[in-house]
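Enquirer: Below are the structure tokens for one structure; questions will follow.
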Protein chains: 2
Amino acid sequence: MLIAKIGEFGLIERIRNKIRTDASVVQGTGDDCAVINFNRSQYLLLTCDMLVEGVDFTSREKPYLIGRKALAVSISDIAACAGLPRYALVSLGLPPKAKVEFVDKLHQGIRDLARRYKVNLVGGDFSRADKLTLDVSMVGTVKKKNLVLRSGARRGDIIFASGTFGGSLRGKHLKFTPRLKEAHWLVRNFKVNSMIDVSDGLAQDLGQILKASRVGAAIYERLIPFSKEARSLDDALYSGEDFELLFTLSAPEAKRLLRKKEKLFKPIGNIVSADYGLRLIDKNSREKIIKPRGFRHF
Amino acid sequence: MLIAKIGEFGLIERIRNKIRTDASVVQGTGDDCAVINFNRSQYLLLTCDMLVEGVDFTSREKPYLIGRKALAVSISDIAACAGLPRYALVSLGLPPKAKVEFVDKLHQGIRDLARRYKVNLVGGDFSRADKLTLDVSMVGTVKKKNLVLRSGARRGDIIFASGTFGGSLRGKHLKFTPRLKEAHWLVRNFKVNSMIDVSDGLAQDLGQILKASRVGAAIYERLIPFSKEARSLDDALYSGEDFELLFTLSAPEAKRLLRKKEKLFKPIGNIVSADYGLRLIDKNSREKIIKPRGFRHF
């Protein structure tokens, strides 16, 4: 049976069910980061992301932006758990025909973003590869009381999103700014029930919150913040890599957030019971069941 | 300029010199693991290794052994720092034509070794890729007093190696047992001045100790423990992946180790001043300068 048949998420489920971890693992596979119980006040957050030429970027992209993206993707995962990115390892698979100048620029993109986010680049690995491949693994920390997972959404929660959606295909995926500051501001000021970063599309990643929290959701077409690059509703719902935050707050907390008039955070819907599934309320107030689909590798 | 011109180590140096890290980083790029000052009694160890089809294994190898190797390589790095491997992330780049059964076996190889070494598999990433690519990143811990780096070799030290050398090409690289138990036994019973795992060849990895410690070494042909698969002295000195431990002890500590009659650990030479470089004393007691060469990706 080809992996395309069961798909990326089928494969993840299949593997996940066979893994046993010890009591120090608060959250293994299945969230933006793994969460490790490490000392009294903090958890350790671990995440890794592999980028491959022809999948996550084309061979025509600027190497500086490729390097930058490789690091930004992992910082975004740490942000989604409300953590602080601290250490990164970078594995680089390089074609032997690659130029030193290319690697220099690639690494400058990595380094510049690392400096900006105070991430220590502490090591890595080089390998020969046919196509440029980057795998960044990152270690972060989070105060125990600040940790936010995908699994904490409750019926009655209001769903919020940062920024706009649908701009990924037009280059946002290479230039986005991980929402670290924003995530920290949120957990400092509010009780955030669940959070995820949108790396596979709004519908699919909201689906991850729903699945982990065993709830359903209604989102409102007229509330979805469109990127000016989005050509259609589908772009906003299903195009992969906006790297915005998607999170839920209880109704009273949501009210408090709305009162702050922070334009970045927009309510887009609400959490309901699981049997409702995921539905879009269109501009004519008609309900439409939507699939939590988005970017999949196979 | 092509990367092949400056080579893997030229590239590492080039990048390394541009990286700045904060005070929590005890050792960044340049050892088997990165070492992080994390709490009063322990350091955190971080390492990652990328394996690519056609470079680190052929497409004909058993997937179980490929998975096993991917994890074993990182455990070996943690062992070389005398640490305890604790958590692993596995990024898998898979061709869409891969079969589910193939991934199942690959992951069983990873899981079985993880269980044996009590490593928690806490996450990872899937990506599409033309060629099978595995990147394992691992987090370990080490008691501060037990940490061993490459940089601690001193003039007068005796150089020891575990196991035998030159068996890599005949399959050892897929089936080796990381020397974790042995490394722990060593640091529990001896003051180990420096250590590395031999992943790029005996000569090259001894060269890493010499460079990091700013010393030279003489090794004795008649003392080098040949694998029965080694066809020549060159196999033992330069073939890549024996994954044995190479370490140095002061003369009194060496004497104590030799008295224990542990057959696994063999003295192969001694540390001298840097200007001596690296020389092999052949069977006729002739000195020969050797290059610290071995496996290089480019």
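Convention: chains lettered A, B, ... in structure tokens order; per-chain residue numbering from 1; ligands numbered from 1 as shown.
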Compile the contact shell of A:Ile75 as a ChimeraX atom specification: residues with an atom at most 7 Å away, counting only C-alpha atoms, same-chain residues fewer than 3 positions apart removed.

Expert: /A:71-72,78-79,85,178

Enquirer: Would you export the selected residues with N, CA and C atoms as a PDB file, in the first residue's frame, please?

Expert:
ATOM      1  N   LEU A  71      14.293  28.461   9.988  1.00  0.00           N
ATOM      2  CA  LEU A  71      14.312  28.755  11.414  1.00  0.00           C
ATOM      3  C   LEU A  71      12.968  29.297  11.889  1.00  0.00           C
ATOM      4  N   ALA A  72      12.346  30.126  11.058  1.00  0.00           N
ATOM      5  CA  ALA A  72      11.083  30.781  11.429  1.00  0.00           C
ATOM      6  C   ALA A  72       9.973  29.765  11.698  1.00  0.00           C
ATOM      7  N   ILE A  78       7.168  26.962  18.530  1.00  0.00           N
ATOM      8  CA  ILE A  78       7.407  27.271  19.948  1.00  0.00           C
ATOM      9  C   ILE A  78       6.439  28.371  20.403  1.00  0.00           C
ATOM     10  N   ALA A  79       6.223  29.360  19.537  1.00  0.00           N
ATOM     11  CA  ALA A  79       5.282  30.438  19.850  1.00  0.00           C
ATOM     12  C   ALA A  79       3.881  29.884  20.099  1.00  0.00           C
ATOM     13  N   PRO A  85      11.901  30.296  22.375  1.00  0.00           N
ATOM     14  CA  PRO A  85      12.887  29.480  21.641  1.00  0.00           C
ATOM     15  C   PRO A  85      14.284  29.762  22.167  1.00  0.00           C
ATOM     16  N   PRO A 178       7.452  35.141  12.804  1.00  0.00           N
ATOM     17  CA  PRO A 178       6.798  34.258  13.780  1.00  0.00           C
ATOM     18  C   PRO A 178       6.138  35.081  14.883  1.00  0.00           C
TER      19      PRO A 178
END

Enquirer: For chain A, list the residues within 6 Å of chain B, counting only C-alpha atoms, and write the list as a ChimeraX atom specification.

Expert: /A:1-3,21,28-29,34,48-49,98-100,120,122-125,127-128,297

Enquirer: Those residues with N, CA and C atoms, as a short mmCIF file (atom, residue, chain, number, x, y, z; two decimals), in the first residue's frame please?

Expert:
data_model
loop_
_atom_site.label_atom_id
_atom_site.label_comp_id
_atom_site.auth_asym_id
_atom_site.auth_seq_id
_atom_site.Cartn_x
_atom_site.Cartn_y
_atom_site.Cartn_z
N MET A 1 0.84 -1.20 0.00
CA MET A 1 0.00 0.00 0.00
C MET A 1 0.88 1.25 0.00
N LEU A 2 0.63 2.18 -0.92
CA LEU A 2 1.41 3.41 -0.99
C LEU A 2 1.03 4.36 0.15
N ILE A 3 2.03 5.12 0.62
CA ILE A 3 1.74 6.06 1.72
C ILE A 3 0.72 7.10 1.28
N THR A 21 5.94 6.41 25.87
CA THR A 21 6.91 7.33 26.46
C THR A 21 6.82 7.26 27.99
N GLY A 28 3.67 14.17 23.78
CA GLY A 28 4.58 13.68 22.73
C GLY A 28 4.09 14.14 21.38
N THR A 29 4.17 13.27 20.39
CA THR A 29 3.65 13.57 19.05
C THR A 29 2.22 14.09 19.14
N ALA A 34 6.73 18.97 21.35
CA ALA A 34 6.71 18.01 22.44
C ALA A 34 6.97 18.78 23.73
N CYS A 48 10.77 19.95 15.54
CA CYS A 48 11.64 19.92 14.37
C CYS A 48 10.83 20.04 13.09
N ASP A 49 11.42 20.61 12.09
CA ASP A 49 10.76 20.80 10.81
C ASP A 49 11.74 20.60 9.68
N ALA A 98 26.64 22.68 -5.00
CA ALA A 98 26.27 23.94 -4.35
C ALA A 98 27.49 24.83 -4.21
N LYS A 99 27.24 26.12 -4.26
CA LYS A 99 28.34 27.08 -4.13
C LYS A 99 28.48 27.54 -2.68
N VAL A 100 29.71 27.82 -2.31
CA VAL A 100 29.99 28.34 -0.97
C VAL A 100 29.18 29.60 -0.70
N ASN A 120 20.05 30.45 20.19
CA ASN A 120 21.43 30.02 20.06
C ASN A 120 21.55 28.91 19.02
N VAL A 122 23.51 26.03 18.05
CA VAL A 122 24.51 25.27 18.82
C VAL A 122 25.06 24.07 18.07
N GLY A 123 24.65 23.84 16.84
CA GLY A 123 25.24 22.71 16.14
C GLY A 123 24.41 22.31 14.95
N GLY A 124 24.76 21.17 14.40
CA GLY A 124 24.07 20.70 13.22
C GLY A 124 24.82 19.59 12.55
N ASP A 125 24.46 19.35 11.31
CA ASP A 125 25.09 18.27 10.57
C ASP A 125 25.04 18.65 9.09
N SER A 127 25.21 16.99 5.21
CA SER A 127 25.20 15.76 4.44
C SER A 127 25.13 16.10 2.97
N ARG A 128 25.63 15.21 2.16
CA ARG A 128 25.39 15.31 0.73
C ARG A 128 23.93 14.97 0.48
N HIS A 297 1.66 16.44 2.60
CA HIS A 297 2.85 16.01 1.84
C HIS A 297 2.57 14.82 0.95
#

Enquirer: Could you give me, as a PDB file with all heavy atoms, in the first residue's frame, each residue of stretch 231-264 of chain B that DSSP assigns to strand (DSSP E) when run on this structure's backbone?

Expert:
ATOM      1  N   LEU B 245      34.349   4.067  20.546  1.00  0.00           N
ATOM      2  CA  LEU B 245      34.819   5.201  21.338  1.00  0.00           C
ATOM      3  C   LEU B 245      36.318   5.341  21.193  1.00  0.00           C
ATOM      4  O   LEU B 245      37.051   4.337  21.165  1.00  0.00           O
ATOM      5  CB  LEU B 245      34.485   4.994  22.820  1.00  0.00           C
ATOM      6  CG  LEU B 245      33.012   4.939  23.194  1.00  0.00           C
ATOM      7  CD1 LEU B 245      32.867   4.549  24.663  1.00  0.00           C
ATOM      8  CD2 LEU B 245      32.337   6.281  22.924  1.00  0.00           C
ATOM      9  N   LEU B 246      36.771   6.565  21.097  1.00  0.00           N
ATOM     10  CA  LEU B 246      38.191   6.884  21.085  1.00  0.00           C
ATOM     11  C   LEU B 246      38.356   7.862  22.236  1.00  0.00           C
ATOM     12  O   LEU B 246      37.645   8.857  22.309  1.00  0.00           O
ATOM     13  CB  LEU B 246      38.510   7.540  19.741  1.00  0.00           C
ATOM     14  CG  LEU B 246      39.956   7.687  19.312  1.00  0.00           C
ATOM     15  CD1 LEU B 246      40.600   6.322  19.129  1.00  0.00           C
ATOM     16  CD2 LEU B 246      40.000   8.466  17.991  1.00  0.00           C
ATOM     17  N   PHE B 247      39.264   7.554  23.188  1.00  0.00           N
ATOM     18  CA  PHE B 247      39.361   8.426  24.359  1.00  0.00           C
ATOM     19  C   PHE B 247      40.783   8.437  24.904  1.00  0.00           C
ATOM     20  O   PHE B 247      41.602   7.583  24.561  1.00  0.00           O
ATOM     21  CB  PHE B 247      38.360   7.993  25.442  1.00  0.00           C
ATOM     22  CG  PHE B 247      38.540   6.581  25.930  1.00  0.00           C
ATOM     23  CD1 PHE B 247      39.255   6.309  27.097  1.00  0.00           C
ATOM     24  CD2 PHE B 247      37.987   5.514  25.232  1.00  0.00           C
ATOM     25  CE1 PHE B 247      39.406   5.006  27.558  1.00  0.00           C
ATOM     26  CE2 PHE B 247      38.139   4.204  25.683  1.00  0.00           C
ATOM     27  CZ  PHE B 247      38.851   3.955  26.838  1.00  0.00           C
ATOM     28  N   THR B 248      41.049   9.420  25.743  1.00  0.00           N
ATOM     29  CA  THR B 248      42.397   9.512  26.316  1.00  0.00           C
ATOM     30  C   THR B 248      42.326   9.586  27.843  1.00  0.00           C
ATOM     31  O   THR B 248      41.417  10.174  28.414  1.00  0.00           O
ATOM     32  CB  THR B 248      43.169  10.752  25.787  1.00  0.00           C
ATOM     33  OG1 THR B 248      42.658  11.947  26.381  1.00  0.00           O
ATOM     34  CG2 THR B 248      43.079  10.847  24.264  1.00  0.00           C
ATOM     35  N   LEU B 249      43.300   8.935  28.474  1.00  0.00           N
ATOM     36  CA  LEU B 249      43.441   8.933  29.931  1.00  0.00           C
ATOM     37  C   LEU B 249      44.871   9.354  30.274  1.00  0.00           C
ATOM     38  O   LEU B 249      45.797   9.047  29.523  1.00  0.00           O
ATOM     39  CB  LEU B 249      43.232   7.519  30.484  1.00  0.00           C
ATOM     40  CG  LEU B 249      41.911   6.786  30.235  1.00  0.00           C
ATOM     41  CD1 LEU B 249      41.979   5.387  30.873  1.00  0.00           C
ATOM     42  CD2 LEU B 249      40.733   7.562  30.784  1.00  0.00           C
TER      43      LEU B 249
END

Enquirer: For atom CA of A:Phe160 and atom CA of A:Asn270, determine how far apart the two atoms are, in Å to one decimal place.

Expert: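 It comes out at 8.7 Å.
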